[in-house]
Amino acid sequence: MIKQLAIVGGTHGNEFTGIYLLKKWQKNTALVERSNFTTEMIFANPQAYVQNKRYVEHDLNRCFSQTDLGNNQLNSIEQIRAKEINQQIGPKGQPRIDFVIDMHTTTTNMGPTLLLTSKGKFYNQLAAYVQLHMPNAMISCDEDHKSNEQHHFLSSIAMDSVMIEVGPVPQSVLRHDVFEQTELMTMLILDFIELHNQDAVPQLPKSITAYRYLESIKLPLDAEGNRAGMVHKDIQDQDFMPIKPGQPIFVSFDGEDICYQGDRVVYGSFINEAAYYDNNIALSLLEKVTLSTD
Ligand SMILES: [Zn+2]
């Protein structure tokens, strides 16, 4: 039974969609209220928003491992903010809030994506419900073998949570379609939880297709660590499409194709994500999986 839920926006200060959705819902809280749980709204990183940045000192969505929350030596703006949020809705391990929905956007062509960081029938049914009512929704499982304690995401404060990623939208930009898709996905998650609380989950497809995270691939770098190439045009915008062994995934600045070295078909996501340039991460590789709803 989920009794207390929090919707989080602005975990990254330049992802405007979640921030403006919170503003909308704060004016009309009935939109996010349901009959059998309470809903709170949290603007996670207002300082980064004011500075029009993803974060000021540290990526807030990497600050919530149990160890880091307990480490008082860590006191950057985001590390302090993480502890405040943990006090407000946690504490992690024994949280006041039962469920967190954390809204993000991506510059990549992922469309509306529901990110699951935990496993189980509840999540599979939730994902199937969302997809049933939103056929273009993609389902991605992100290190769902990890325990909450190990996860460093804000949403991992609660025992149960999901993240929403919708794109493509540039950083610090609002797009009507992305705004609508994020709102619809949030509404469907709230509706599902209300039904689940009532033990009234409707008939769902027996199984759905999802994409499970395998690893992140870096941009080609030279011996000094400088970028030596970029994402290949053949995979640009092709999120959730197959990447075959031997297929070009990068091109060097000299124009030479650099090919995928794996030995089986995988799928890409976060392909050429602007926010990952600071770590030179070019894309995530995923495998196609089937989630069963019974
Ligand atoms: Zn984000």
# chains A, B, ... in the order shown; residues from 1 in each chain; ligands from 1

call {"tool": "select_by_dssp", "arguments": {"residues": "stretch 175-271 of chain A", "states": "strand (DSSP E)", "output": "list in words"}}
result
Ser207, Ile208, Thr209, Ala210, Tyr211, Arg212, Tyr213, Leu214, Glu215, Ser216, Ile217, Lys218, Gly229, Met230, Val231, Pro242, Ile243, Pro248, Ile249, Phe250, Val251, Ser252, Asp257, Ile258, Cys259, Val266, Tyr267, Gly268 and Ser269 of chain A

call {"tool": "residues_around", "arguments": {"residues": "stretch 234-240 of chain A", "least_positions_apart": "4", "cutoff": "6 Å", "atoms": "only C-alpha atoms", "output": "PyMOL selection string"}}
result
chain A and resi 109-110+267-269

call {"tool": "residues_near_ligand", "arguments": {"ligand": "ligand 1", "cutoff": "8 Å", "atoms": "only C-alpha atoms and all ligand atoms", "output": "NGL selection string"}}
result
:A and (10-12 or 15 or 54 or 61 or 103-106 or 165)

call {"tool": "residues_around", "arguments": {"residues": "stretch 281-288 of chain A", "least_positions_apart": "5", "cutoff": "7 Å", "atoms": "only C-alpha atoms", "output": "PyMOL selection string"}}
result
chain A and resi 209-219+231+266-273+276

call {"tool": "write_last_selection", "arguments": {"atoms": "C-alpha atoms", "output": "short mmCIF file (atom, residue, chain, number, x, y, z; two decimals), in the first residue's frame"}}
result
data_model
loop_
_atom_site.label_atom_id
_atom_site.label_comp_id
_atom_site.auth_asym_id
_atom_site.auth_seq_id
_atom_site.Cartn_x
_atom_site.Cartn_y
_atom_site.Cartn_z
CA THR A 209 9.08 -5.48 -24.17
CA ALA A 210 11.64 -3.46 -22.23
CA TYR A 211 15.30 -2.52 -22.61
CA ARG A 212 17.78 -3.32 -19.85
CA TYR A 213 20.94 -1.24 -19.35
CA LEU A 214 24.20 -3.08 -20.02
CA GLU A 215 26.95 -0.46 -20.09
CA SER A 216 27.86 3.06 -21.09
CA ILE A 217 30.16 3.67 -24.06
CA LYS A 218 32.58 6.59 -24.13
CA LEU A 219 33.33 8.82 -27.09
CA VAL A 231 28.59 9.92 -32.58
CA VAL A 266 22.24 -4.40 -28.67
CA TYR A 267 20.12 -1.25 -28.48
CA GLY A 268 21.14 2.34 -27.74
CA SER A 269 19.70 4.99 -25.46
CA PHE A 270 20.83 8.44 -24.36
CA ILE A 271 22.59 8.56 -27.74
CA ASN A 272 24.67 11.77 -27.81
CA GLU A 273 23.10 13.15 -24.62
CA TYR A 276 26.93 13.45 -20.56
#

call {"tool": "closest_residue", "arguments": {"among": "A:Leu31, A:Ile249, A:Val169, A:Leu116", "to": "A:Asp191", "atoms": "only C-alpha atoms"}}
result
A:Leu31

call {"tool": "atom_distance", "arguments": {"atom1": "atom CA of A:Gln150", "atom2": "atom CA of A:Gly70"}}
result
13.1 Å

call {"tool": "residues_around", "arguments": {"residues": "A:Gln261", "least_positions_apart": "3", "cutoff": "12 Å", "atoms": "only C-alpha atoms", "output": "list of chain:residue names"}}
result
A:Ile217, A:Ile243, A:Lys244, A:Pro245, A:Gly246, A:Gln247, A:Pro248, A:Ile249, A:Phe250, A:Ile258, A:Arg264, A:Val265, A:Val266

call {"tool": "write_last_selection", "arguments": {"atoms": "N, CA and C atoms", "output": "mmCIF file, in the first residue's frame"}}
result
data_model
loop_
_atom_site.group_PDB
_atom_site.id
_atom_site.type_symbol
_atom_site.label_atom_id
_atom_site.label_comp_id
_atom_site.auth_asym_id
_atom_site.auth_seq_id
_atom_site.Cartn_x
_atom_site.Cartn_y
_atom_site.Cartn_z
ATOM 1 N N ILE A 217 29.031 3.632 -23.126
ATOM 2 C CA ILE A 217 30.161 3.666 -24.056
ATOM 3 C C ILE A 217 30.674 5.099 -24.145
ATOM 4 N N ILE A 243 21.653 -1.969 -32.660
ATOM 5 C CA ILE A 243 23.035 -1.691 -33.074
ATOM 6 C C ILE A 243 23.684 -3.054 -33.299
ATOM 7 N N LYS A 244 24.143 -3.271 -34.545
ATOM 8 C CA LYS A 244 24.659 -4.606 -34.891
ATOM 9 C C LYS A 244 26.180 -4.639 -34.789
ATOM 10 N N PRO A 245 26.742 -5.818 -34.512
ATOM 11 C CA PRO A 245 28.204 -5.945 -34.499
ATOM 12 C C PRO A 245 28.791 -5.439 -35.821
ATOM 13 N N GLY A 246 29.839 -4.635 -35.729
ATOM 14 C CA GLY A 246 30.496 -4.127 -36.933
ATOM 15 C C GLY A 246 29.878 -2.864 -37.509
ATOM 16 N N GLN A 247 28.759 -2.446 -36.951
ATOM 17 C CA GLN A 247 28.086 -1.238 -37.447
ATOM 18 C C GLN A 247 28.819 0.025 -36.953
ATOM 19 N N PRO A 248 28.990 1.052 -37.803
ATOM 20 C CA PRO A 248 29.647 2.284 -37.335
ATOM 21 C C PRO A 248 28.833 2.964 -36.226
ATOM 22 N N ILE A 249 29.501 3.297 -35.121
ATOM 23 C CA ILE A 249 28.813 4.042 -34.061
ATOM 24 C C ILE A 249 29.460 5.406 -33.807
ATOM 25 N N PHE A 250 30.730 5.533 -34.199
ATOM 26 C CA PHE A 250 31.404 6.827 -34.116
ATOM 27 C C PHE A 250 32.069 7.118 -35.452
ATOM 28 N N ILE A 258 34.203 4.290 -36.854
ATOM 29 C CA ILE A 258 34.621 3.443 -35.734
ATOM 30 C C ILE A 258 33.422 2.561 -35.410
ATOM 31 N N ARG A 264 27.003 -9.245 -30.317
ATOM 32 C CA ARG A 264 25.559 -9.491 -30.475
ATOM 33 C C ARG A 264 24.833 -8.147 -30.655
ATOM 34 N N VAL A 265 23.606 -8.251 -31.110
ATOM 35 C CA VAL A 265 22.807 -7.041 -31.333
ATOM 36 C C VAL A 265 22.439 -6.433 -29.985
ATOM 37 N N VAL A 266 22.650 -5.126 -29.863
ATOM 38 C CA VAL A 266 22.244 -4.398 -28.665
ATOM 39 C C VAL A 266 21.404 -3.198 -29.119
#

call {"tool": "closest_atom_pairs", "arguments": {"of": "stretch 162-253 of chain A", "to": "stretch 19-23 of chain A", "cutoff": "9 Å", "atoms": "only C-alpha atoms", "output": "tab-separated table"}}
result
residue	atom	partner	partner_atom	distance
A:Leu174	CA	A:Tyr20	CA	8.6
A:Phe179	CA	A:Leu21	CA	7.5
A:Thr182	CA	A:Leu21	CA	8.5
A:Glu183	CA	A:Leu21	CA	7.2

call {"tool": "closest_residue", "arguments": {"among": "A:Pro205, A:Tyr260, A:Lys53, A:Ala30", "to": "A:Pro242", "atoms": "only C-alpha atoms"}}
result
A:Tyr260

call {"tool": "atom_distance", "arguments": {"atom1": "atom CA of A:Gln125", "atom2": "atom CA of A:Ser155"}}
result
19.2 Å

call {"tool": "select_by_dssp", "arguments": {"residues": "stretch 107-293 of chain A", "states": "helix (DSSP H, G or I)", "output": "PyMOL selection string"}}
result
chain A and resi 121-133+154-157+176-197+274-279

call {"tool": "closest_residue", "arguments": {"among": "A:Ile189, A:Ile77, A:Cys63, A:Leu114", "to": "A:Glu149", "atoms": "only C-alpha atoms"}}
result
A:Cys63

call {"tool": "closest_residue", "arguments": {"among": "A:Asp263, A:Glu40, A:Asp222, A:Asp142", "to": "A:Gln88", "atoms": "only C-alpha atoms"}}
result
A:Glu40

call {"tool": "residues_around", "arguments": {"residues": "A:Val56", "least_positions_apart": "3", "cutoff": "8 Å", "atoms": "only C-alpha atoms", "output": "list in words"}}
result
Gln47, Ala48, Gln51, Lys53, Asp59, Ile77 and Glu78 of chain A

call {"tool": "closest_residue", "arguments": {"among": "A:Arg96, A:Arg34, A:His145, A:Lys3", "to": "A:Ile157", "atoms": "only C-alpha atoms"}}
result
A:Arg96

call {"tool": "residues_around", "arguments": {"residues": "A:Phe37", "least_positions_apart": "4", "cutoff": "7 Å", "atoms": "only C-alpha atoms", "output": "ChimeraX atom specification"}}
result
/A:2-5

call {"tool": "write_last_selection", "arguments": {"atoms": "C-alpha atoms", "output": "short mmCIF file (atom, residue, chain, number, x, y, z; two decimals), in the first residue's frame"}}
result
data_model
loop_
_atom_site.label_atom_id
_atom_site.label_comp_id
_atom_site.auth_asym_id
_atom_site.auth_seq_id
_atom_site.Cartn_x
_atom_site.Cartn_y
_atom_site.Cartn_z
CA ILE A 2 1.41 3.35 -1.09
CA LYS A 3 0.14 6.05 1.26
CA GLN A 4 2.48 8.94 0.66
CA LEU A 5 3.92 9.88 -2.70
#

call {"tool": "decode", "arguments": {"residues": "stretch 13-47 of chain A", "atoms": "N, CA and C atoms", "output": "short mmCIF file (atom, residue, chain, number, x, y, z; two decimals), in the first residue's frame"}}
result
data_model
loop_
_atom_site.label_atom_id
_atom_site.label_comp_id
_atom_site.auth_asym_id
_atom_site.auth_seq_id
_atom_site.Cartn_x
_atom_site.Cartn_y
_atom_site.Cartn_z
N GLY A 13 18.74 21.28 -12.90
CA GLY A 13 18.20 22.64 -12.98
C GLY A 13 17.88 23.13 -14.37
N ASN A 14 18.42 22.49 -15.40
CA ASN A 14 18.15 22.94 -16.78
C ASN A 14 17.19 22.00 -17.51
N GLU A 15 16.49 21.17 -16.75
CA GLU A 15 15.43 20.34 -17.35
C GLU A 15 14.10 20.98 -16.94
N PHE A 16 13.65 21.90 -17.78
CA PHE A 16 12.56 22.81 -17.40
C PHE A 16 11.19 22.14 -17.32
N THR A 17 10.99 21.05 -18.06
CA THR A 17 9.66 20.46 -18.16
C THR A 17 9.09 20.11 -16.78
N GLY A 18 9.86 19.38 -15.99
CA GLY A 18 9.40 18.98 -14.66
C GLY A 18 9.16 20.18 -13.75
N ILE A 19 10.00 21.18 -13.90
CA ILE A 19 9.89 22.37 -13.05
C ILE A 19 8.57 23.10 -13.34
N TYR A 20 8.27 23.26 -14.64
CA TYR A 20 7.03 23.97 -15.01
C TYR A 20 5.78 23.12 -14.78
N LEU A 21 5.92 21.81 -14.85
CA LEU A 21 4.78 20.95 -14.49
C LEU A 21 4.48 21.10 -13.00
N LEU A 22 5.52 21.14 -12.17
CA LEU A 22 5.29 21.35 -10.73
C LEU A 22 4.56 22.67 -10.49
N LYS A 23 5.01 23.74 -11.20
CA LYS A 23 4.34 25.04 -11.04
C LYS A 23 2.86 24.92 -11.40
N LYS A 24 2.58 24.21 -12.49
CA LYS A 24 1.19 24.02 -12.93
C LYS A 24 0.38 23.29 -11.86
N TRP A 25 0.94 22.18 -11.36
CA TRP A 25 0.18 21.35 -10.41
C TRP A 25 0.07 22.02 -9.05
N GLN A 26 1.06 22.83 -8.69
CA GLN A 26 0.96 23.53 -7.40
C GLN A 26 -0.21 24.51 -7.41
N LYS A 27 -0.56 25.03 -8.59
CA LYS A 27 -1.72 25.92 -8.71
C LYS A 27 -3.02 25.14 -8.68
N ASN A 28 -2.96 23.87 -9.05
CA ASN A 28 -4.17 23.05 -9.12
C ASN A 28 -3.83 21.64 -8.64
N THR A 29 -3.73 21.51 -7.32
CA THR A 29 -3.21 20.27 -6.74
C THR A 29 -4.12 19.07 -7.02
N ALA A 30 -5.40 19.35 -7.34
CA ALA A 30 -6.34 18.25 -7.62
C ALA A 30 -5.82 17.37 -8.76
N LEU A 31 -5.05 17.96 -9.67
CA LEU A 31 -4.55 17.20 -10.82
C LEU A 31 -3.68 16.01 -10.41
N VAL A 32 -2.97 16.17 -9.30
CA VAL A 32 -2.06 15.08 -8.90
C VAL A 32 -2.54 14.35 -7.64
N GLU A 33 -3.71 14.73 -7.14
CA GLU A 33 -4.26 14.01 -5.99
C GLU A 33 -5.06 12.81 -6.46
N ARG A 34 -5.00 11.76 -5.65
CA ARG A 34 -5.81 10.58 -5.92
C ARG A 34 -6.46 10.16 -4.61
N SER A 35 -7.41 9.22 -4.69
CA SER A 35 -8.28 8.96 -3.53
C SER A 35 -7.58 8.27 -2.36
N ASN A 36 -6.50 7.52 -2.63
CA ASN A 36 -5.99 6.70 -1.52
C ASN A 36 -4.52 6.92 -1.18
N PHE A 37 -3.96 8.04 -1.61
CA PHE A 37 -2.63 8.43 -1.12
C PHE A 37 -2.49 9.95 -1.18
N THR A 38 -1.51 10.45 -0.44
CA THR A 38 -1.24 11.89 -0.49
C THR A 38 -0.10 12.15 -1.48
N THR A 39 -0.10 13.34 -2.06
CA THR A 39 0.92 13.70 -3.04
C THR A 39 1.61 14.99 -2.59
N GLU A 40 2.93 14.93 -2.52
CA GLU A 40 3.72 16.14 -2.25
C GLU A 40 4.54 16.45 -3.49
N MET A 41 4.92 17.71 -3.62
CA MET A 41 5.74 18.10 -4.78
C MET A 41 7.02 18.76 -4.31
N ILE A 42 8.11 18.38 -4.94
CA ILE A 42 9.43 18.88 -4.51
C ILE A 42 10.23 19.40 -5.70
N PHE A 43 10.64 20.64 -5.58
CA PHE A 43 11.54 21.26 -6.57
C PHE A 43 12.96 21.01 -6.04
N ALA A 44 13.65 20.06 -6.67
CA ALA A 44 14.84 19.50 -6.04
C ALA A 44 16.06 20.42 -6.05
N ASN A 45 16.33 21.06 -7.20
CA ASN A 45 17.57 21.86 -7.25
C ASN A 45 17.32 23.27 -7.76
N PRO A 46 16.63 24.11 -6.94
CA PRO A 46 16.32 25.47 -7.39
C PRO A 46 17.57 26.32 -7.64
N GLN A 47 18.65 26.07 -6.92
CA GLN A 47 19.86 26.89 -7.14
C GLN A 47 20.44 26.66 -8.52
#
